[in-house]
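Asker: Pasting a structure below so you can have a look.
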Amino acid sequence: MVDRVLSCEEAEAVTELVVREDNIFLDDMLLAPAGIMENMTQSCAARMGCINREQKDAIKIGFIGNIRNCTIIRQPRCHEILHTYIEIVEEVFNLTLANVTTKVGDEVIASASMKIALTDIKAADHE
């Protein structure tokens with residue numbers, strides 16, 4: 001649910017997704033709210049993967065611990081391009097609090113605050 005990572009820094013990241021006709025979350029040519037949330041969560045995971053790779057650390061498995069203040073303003077249409085912006089509010093031990101905003105062009109279509117818990121289990125341990 002992420003086509004590309006456009007930028008990735010310690011405190012922020014931006015991803016891109018083109019809503020395609022074969023997307024499993026597409027319903028009547030609109031991306032379902034669950035698909036928007038999946039894009040948001042996978043964008044957070046992609047950011048963490050980039051950070052781990054830059055630090056030459058193994059990719060860790062993460063879990064969404066909490067989603068708050070989730071607002072879906074509208075569902076994107078097939079072929080629209082989503083840009084998802086992740087702003088890290090705080091990182092303490094293995095917990096990350098992020099504000100996530102999804103846009104189509106300059107239009108905000110969704111936002112949420114997410115708490116993400118990372119485990120000490122490395123993704124390679126589960127392959």
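Residue numbering restarts at 1 for every chain of the structure tokens, chains are lettered A, B, ... in their displayed order, and ligands are numbered from 1 as they appear.
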Skip range 22-38 of chain A itself and residues of its chain fewer than 2 positions away, then list as a PDB file with N, CA, C and O atoms, in the first residue's frame all residues within 7 Å of it, counting only C-alpha atoms.
Answerer:
ATOM      1  N   MET A   1       0.812  -1.203   0.000  1.00  0.00           N
ATOM      2  CA  MET A   1       0.000   0.000   0.000  1.00  0.00           C
ATOM      3  C   MET A   1       0.852   1.262   0.000  1.00  0.00           C
ATOM      4  O   MET A   1       0.354   2.331   0.257  1.00  0.00           O
ATOM      5  N   VAL A  19      -3.747   5.015  -6.421  1.00  0.00           N
ATOM      6  CA  VAL A  19      -4.906   4.142  -6.210  1.00  0.00           C
ATOM      7  C   VAL A  19      -5.205   3.463  -7.546  1.00  0.00           C
ATOM      8  O   VAL A  19      -5.595   4.113  -8.508  1.00  0.00           O
ATOM      9  N   ARG A  20      -4.985   2.163  -7.580  1.00  0.00           N
ATOM     10  CA  ARG A  20      -5.155   1.398  -8.818  1.00  0.00           C
ATOM     11  C   ARG A  20      -6.421   0.545  -8.784  1.00  0.00           C
ATOM     12  O   ARG A  20      -6.935   0.223  -7.716  1.00  0.00           O
ATOM     13  N   MET A  40      -1.730   4.541   5.657  1.00  0.00           N
ATOM     14  CA  MET A  40      -1.107   5.301   6.748  1.00  0.00           C
ATOM     15  C   MET A  40      -0.179   4.415   7.574  1.00  0.00           C
ATOM     16  O   MET A  40       0.955   4.799   7.880  1.00  0.00           O
ATOM     17  N   THR A  41      -0.655   3.232   7.952  1.00  0.00           N
ATOM     18  CA  THR A  41       0.163   2.354   8.790  1.00  0.00           C
ATOM     19  C   THR A  41       1.373   1.831   8.033  1.00  0.00           C
ATOM     20  O   THR A  41       2.474   1.771   8.586  1.00  0.00           O
ATOM     21  N   GLN A  42       1.195   1.477   6.769  1.00  0.00           N
ATOM     22  CA  GLN A  42       2.340   0.994   5.993  1.00  0.00           C
ATOM     23  C   GLN A  42       3.326   2.123   5.691  1.00  0.00           C
ATOM     24  O   GLN A  42       4.526   1.871   5.555  1.00  0.00           O
ATOM     25  N   ILE A  72     -11.494  10.781   8.341  1.00  0.00           N
ATOM     26  CA  ILE A  72     -11.500  10.522   6.897  1.00  0.00           C
ATOM     27  C   ILE A  72     -12.429  11.571   6.299  1.00  0.00           C
ATOM     28  O   ILE A  72     -13.642  11.528   6.495  1.00  0.00           O
ATOM     29  N   GLN A  75     -13.018   9.790   0.517  1.00  0.00           N
ATOM     30  CA  GLN A  75     -12.326   8.636  -0.035  1.00  0.00           C
ATOM     31  C   GLN A  75     -11.719   9.014  -1.390  1.00  0.00           C
ATOM     32  O   GLN A  75     -12.408   9.623  -2.225  1.00  0.00           O
ATOM     33  N   PRO A  76     -10.459   8.661  -1.620  1.00  0.00           N
ATOM     34  CA  PRO A  76      -9.855   8.972  -2.916  1.00  0.00           C
ATOM     35  C   PRO A  76     -10.407   8.064  -4.011  1.00  0.00           C
ATOM     36  O   PRO A  76     -10.787   6.920  -3.765  1.00  0.00           O
ATOM     37  N   ARG A  77     -10.459   8.611  -5.204  1.00  0.00           N
ATOM     38  CA  ARG A  77     -10.945   7.888  -6.367  1.00  0.00           C
ATOM     39  C   ARG A  77      -9.819   7.091  -7.022  1.00  0.00           C
ATOM     40  O   ARG A  77      -8.637   7.402  -6.850  1.00  0.00           O
ATOM     41  N   CYS A  78     -10.217   6.098  -7.764  1.00  0.00           N
ATOM     42  CA  CYS A  78      -9.256   5.305  -8.529  1.00  0.00           C
ATOM     43  C   CYS A  78      -8.416   6.243  -9.397  1.00  0.00           C
ATOM     44  O   CYS A  78      -8.944   7.192  -9.982  1.00  0.00           O
TER      45      CYS A  78
END
Asker: Which of range 14-118 of chain A counts as strand (DSSP E) under DSSP, as a PyMOL selection string please?
Answerer: chain A and resi 14-18+26-27+30-31+60-72+81-92+95-104+107-118
Asker: Find the spatial neighbours of Gly65 in chain A, counting only C-alpha atoms, within a cut-off of 7 Å - ignore same-chain residues fewer than 5 positions away - and output them as a list in words.
Answerer: Lys115, Ile116 and Ala117 of chain A
Asker: So that I can see what lies close to Phe63 in chain A, please list as a PyMOL selection string the residues with an atom at most 12 Å from it, counting only C-alpha atoms and leaving out residues fewer than 2 positions away in the same chain.
Answerer: chain A and resi 41-42+44-45+48+60-61+65-67+94-96+114-121
Asker: Given only C-alpha atoms as the basis, pick out the residue of A:Glu10, A:Glu54, A:Glu87, A:Asp3 nearest to Ser111 in chain A.
Answerer: A:Glu87
Asker: Report the distance between CA of Ile109 in chain A and CA of Glu90 in chain A in Å, rounded to one decimal place.
Answerer: 23.8 Å
Asker: Taking only C-alpha atoms into account, which of A:Leu97, A:Ala110, A:Ile88, A:Ser43 comes nearest Val5 in chain A?
Answerer: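 The shortest atom-to-atom distance to Val5 in chain A comes from A:Ser43.
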Asker: Please determine, counting only C-alpha atoms, which residue among A:Glu21, A:Glu80, A:Glu16, A:Glu9 has the shortest atom-to-atom distance to Thr101 in chain A.
Answerer: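 Counting only C-alpha atoms, the residue closest to Thr101 in chain A is A:Glu16.
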Asker: Where does DSSP see alpha helix (DSSP H) in chain A, if you list the residues as a list in words?
Answerer: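 So the alpha helix (DSSP H) residues in chain A would be Pro33, Ala34, Gly35, Ile36, Met37, Glu38, Asn39, Met40, Thr41, Gln42, Ser43, Cys44, Ala45, Ala46, Arg47, Met48, Gly49, Cys50, Ile51, Asn52, Arg53 and Glu54 of chain A.
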Asker: Keeping only N, CA and C atoms, take the residues you just selected and write them out as a PDB file, in the first residue's frame.
Answerer:
ATOM      1  N   PRO A  33     -12.190   3.422   3.538  1.00  0.00           N
ATOM      2  CA  PRO A  33     -11.481   3.954   4.704  1.00  0.00           C
ATOM      3  C   PRO A  33     -10.417   2.988   5.247  1.00  0.00           C
ATOM      4  N   ALA A  34     -10.704   1.697   5.227  1.00  0.00           N
ATOM      5  CA  ALA A  34      -9.703   0.720   5.681  1.00  0.00           C
ATOM      6  C   ALA A  34      -8.443   0.785   4.816  1.00  0.00           C
ATOM      7  N   GLY A  35      -8.586   1.068   3.536  1.00  0.00           N
ATOM      8  CA  GLY A  35      -7.444   1.205   2.647  1.00  0.00           C
ATOM      9  C   GLY A  35      -6.623   2.449   2.953  1.00  0.00           C
ATOM     10  N   ILE A  36      -7.308   3.520   3.308  1.00  0.00           N
ATOM     11  CA  ILE A  36      -6.606   4.753   3.698  1.00  0.00           C
ATOM     12  C   ILE A  36      -5.801   4.488   4.967  1.00  0.00           C
ATOM     13  N   MET A  37      -6.415   3.809   5.942  1.00  0.00           N
ATOM     14  CA  MET A  37      -5.717   3.480   7.186  1.00  0.00           C
ATOM     15  C   MET A  37      -4.544   2.537   6.922  1.00  0.00           C
ATOM     16  N   GLU A  38      -4.731   1.591   6.025  1.00  0.00           N
ATOM     17  CA  GLU A  38      -3.644   0.666   5.694  1.00  0.00           C
ATOM     18  C   GLU A  38      -2.476   1.416   5.070  1.00  0.00           C
ATOM     19  N   ASN A  39      -2.772   2.375   4.208  1.00  0.00           N
ATOM     20  CA  ASN A  39      -1.718   3.204   3.628  1.00  0.00           C
ATOM     21  C   ASN A  39      -0.988   3.986   4.713  1.00  0.00           C
ATOM     22  N   MET A  40      -1.730   4.541   5.657  1.00  0.00           N
ATOM     23  CA  MET A  40      -1.107   5.301   6.748  1.00  0.00           C
ATOM     24  C   MET A  40      -0.179   4.415   7.574  1.00  0.00           C
ATOM     25  N   THR A  41      -0.655   3.232   7.952  1.00  0.00           N
ATOM     26  CA  THR A  41       0.163   2.354   8.790  1.00  0.00           C
ATOM     27  C   THR A  41       1.373   1.831   8.033  1.00  0.00           C
ATOM     28  N   GLN A  42       1.195   1.477   6.769  1.00  0.00           N
ATOM     29  CA  GLN A  42       2.340   0.994   5.993  1.00  0.00           C
ATOM     30  C   GLN A  42       3.326   2.123   5.691  1.00  0.00           C
ATOM     31  N   SER A  43       2.852   3.345   5.612  1.00  0.00           N
ATOM     32  CA  SER A  43       3.758   4.487   5.443  1.00  0.00           C
ATOM     33  C   SER A  43       4.640   4.633   6.678  1.00  0.00           C
ATOM     34  N   CYS A  44       4.048   4.465   7.866  1.00  0.00           N
ATOM     35  CA  CYS A  44       4.843   4.504   9.102  1.00  0.00           C
ATOM     36  C   CYS A  44       5.866   3.371   9.116  1.00  0.00           C
ATOM     37  N   ALA A  45       5.455   2.196   8.677  1.00  0.00           N
ATOM     38  CA  ALA A  45       6.375   1.055   8.631  1.00  0.00           C
ATOM     39  C   ALA A  45       7.503   1.304   7.626  1.00  0.00           C
ATOM     40  N   ALA A  46       7.166   1.894   6.479  1.00  0.00           N
ATOM     41  CA  ALA A  46       8.194   2.187   5.471  1.00  0.00           C
ATOM     42  C   ALA A  46       9.209   3.184   6.018  1.00  0.00           C
ATOM     43  N   ARG A  47       8.746   4.179   6.755  1.00  0.00           N
ATOM     44  CA  ARG A  47       9.664   5.140   7.374  1.00  0.00           C
ATOM     45  C   ARG A  47      10.619   4.431   8.323  1.00  0.00           C
ATOM     46  N   MET A  48      10.070   3.561   9.169  1.00  0.00           N
ATOM     47  CA  MET A  48      10.921   2.853  10.121  1.00  0.00           C
ATOM     48  C   MET A  48      11.909   1.950   9.400  1.00  0.00           C
ATOM     49  N   GLY A  49      11.481   1.308   8.332  1.00  0.00           N
ATOM     50  CA  GLY A  49      12.387   0.474   7.543  1.00  0.00           C
ATOM     51  C   GLY A  49      13.532   1.280   6.952  1.00  0.00           C
ATOM     52  N   CYS A  50      13.224   2.471   6.460  1.00  0.00           N
ATOM     53  CA  CYS A  50      14.271   3.356   5.919  1.00  0.00           C
ATOM     54  C   CYS A  50      15.253   3.764   7.006  1.00  0.00           C
ATOM     55  N   ILE A  51      14.736   4.118   8.175  1.00  0.00           N
ATOM     56  CA  ILE A  51      15.600   4.519   9.297  1.00  0.00           C
ATOM     57  C   ILE A  51      16.505   3.349   9.692  1.00  0.00           C
ATOM     58  N   ASN A  52      15.926   2.143   9.813  1.00  0.00           N
ATOM     59  CA  ASN A  52      16.725   0.966  10.162  1.00  0.00           C
ATOM     60  C   ASN A  52      17.807   0.702   9.124  1.00  0.00           C
ATOM     61  N   ARG A  53      17.470   0.837   7.858  1.00  0.00           N
ATOM     62  CA  ARG A  53      18.447   0.594   6.792  1.00  0.00           C
ATOM     63  C   ARG A  53      19.573   1.622   6.843  1.00  0.00           C
ATOM     64  N   GLU A  54      19.227   2.892   7.052  1.00  0.00           N
ATOM     65  CA  GLU A  54      20.257   3.931   7.152  1.00  0.00           C
ATOM     66  C   GLU A  54      21.190   3.686   8.329  1.00  0.00           C
TER      67      GLU A  54
END
Asker: Measuring atom to atom with only C-alpha atoms, identify which of A:Cys8, A:Val104, A:Ser113, A:Val2 is nearest to His79 in chain A.
Answerer: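 Nearest candidate to His79 in chain A out of A:Cys8, A:Val104, A:Ser113, A:Val2: A:Val104.
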Asker: Distance CA of Thr15 in chain A-CA of His83 in chain A, one decimal place?
Answerer: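 Taking CA of Thr15 in chain A as the start and CA of His83 in chain A as the end point, the length is 5.6 Å.
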Asker: Mind pulling up the distance from CA of Asp106 in chain A to CA of Arg74 in chain A?
Answerer: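 So the two atoms, CA of Arg74 in chain A and CA of Asp106 in chain A, lie 13.5 Å apart.
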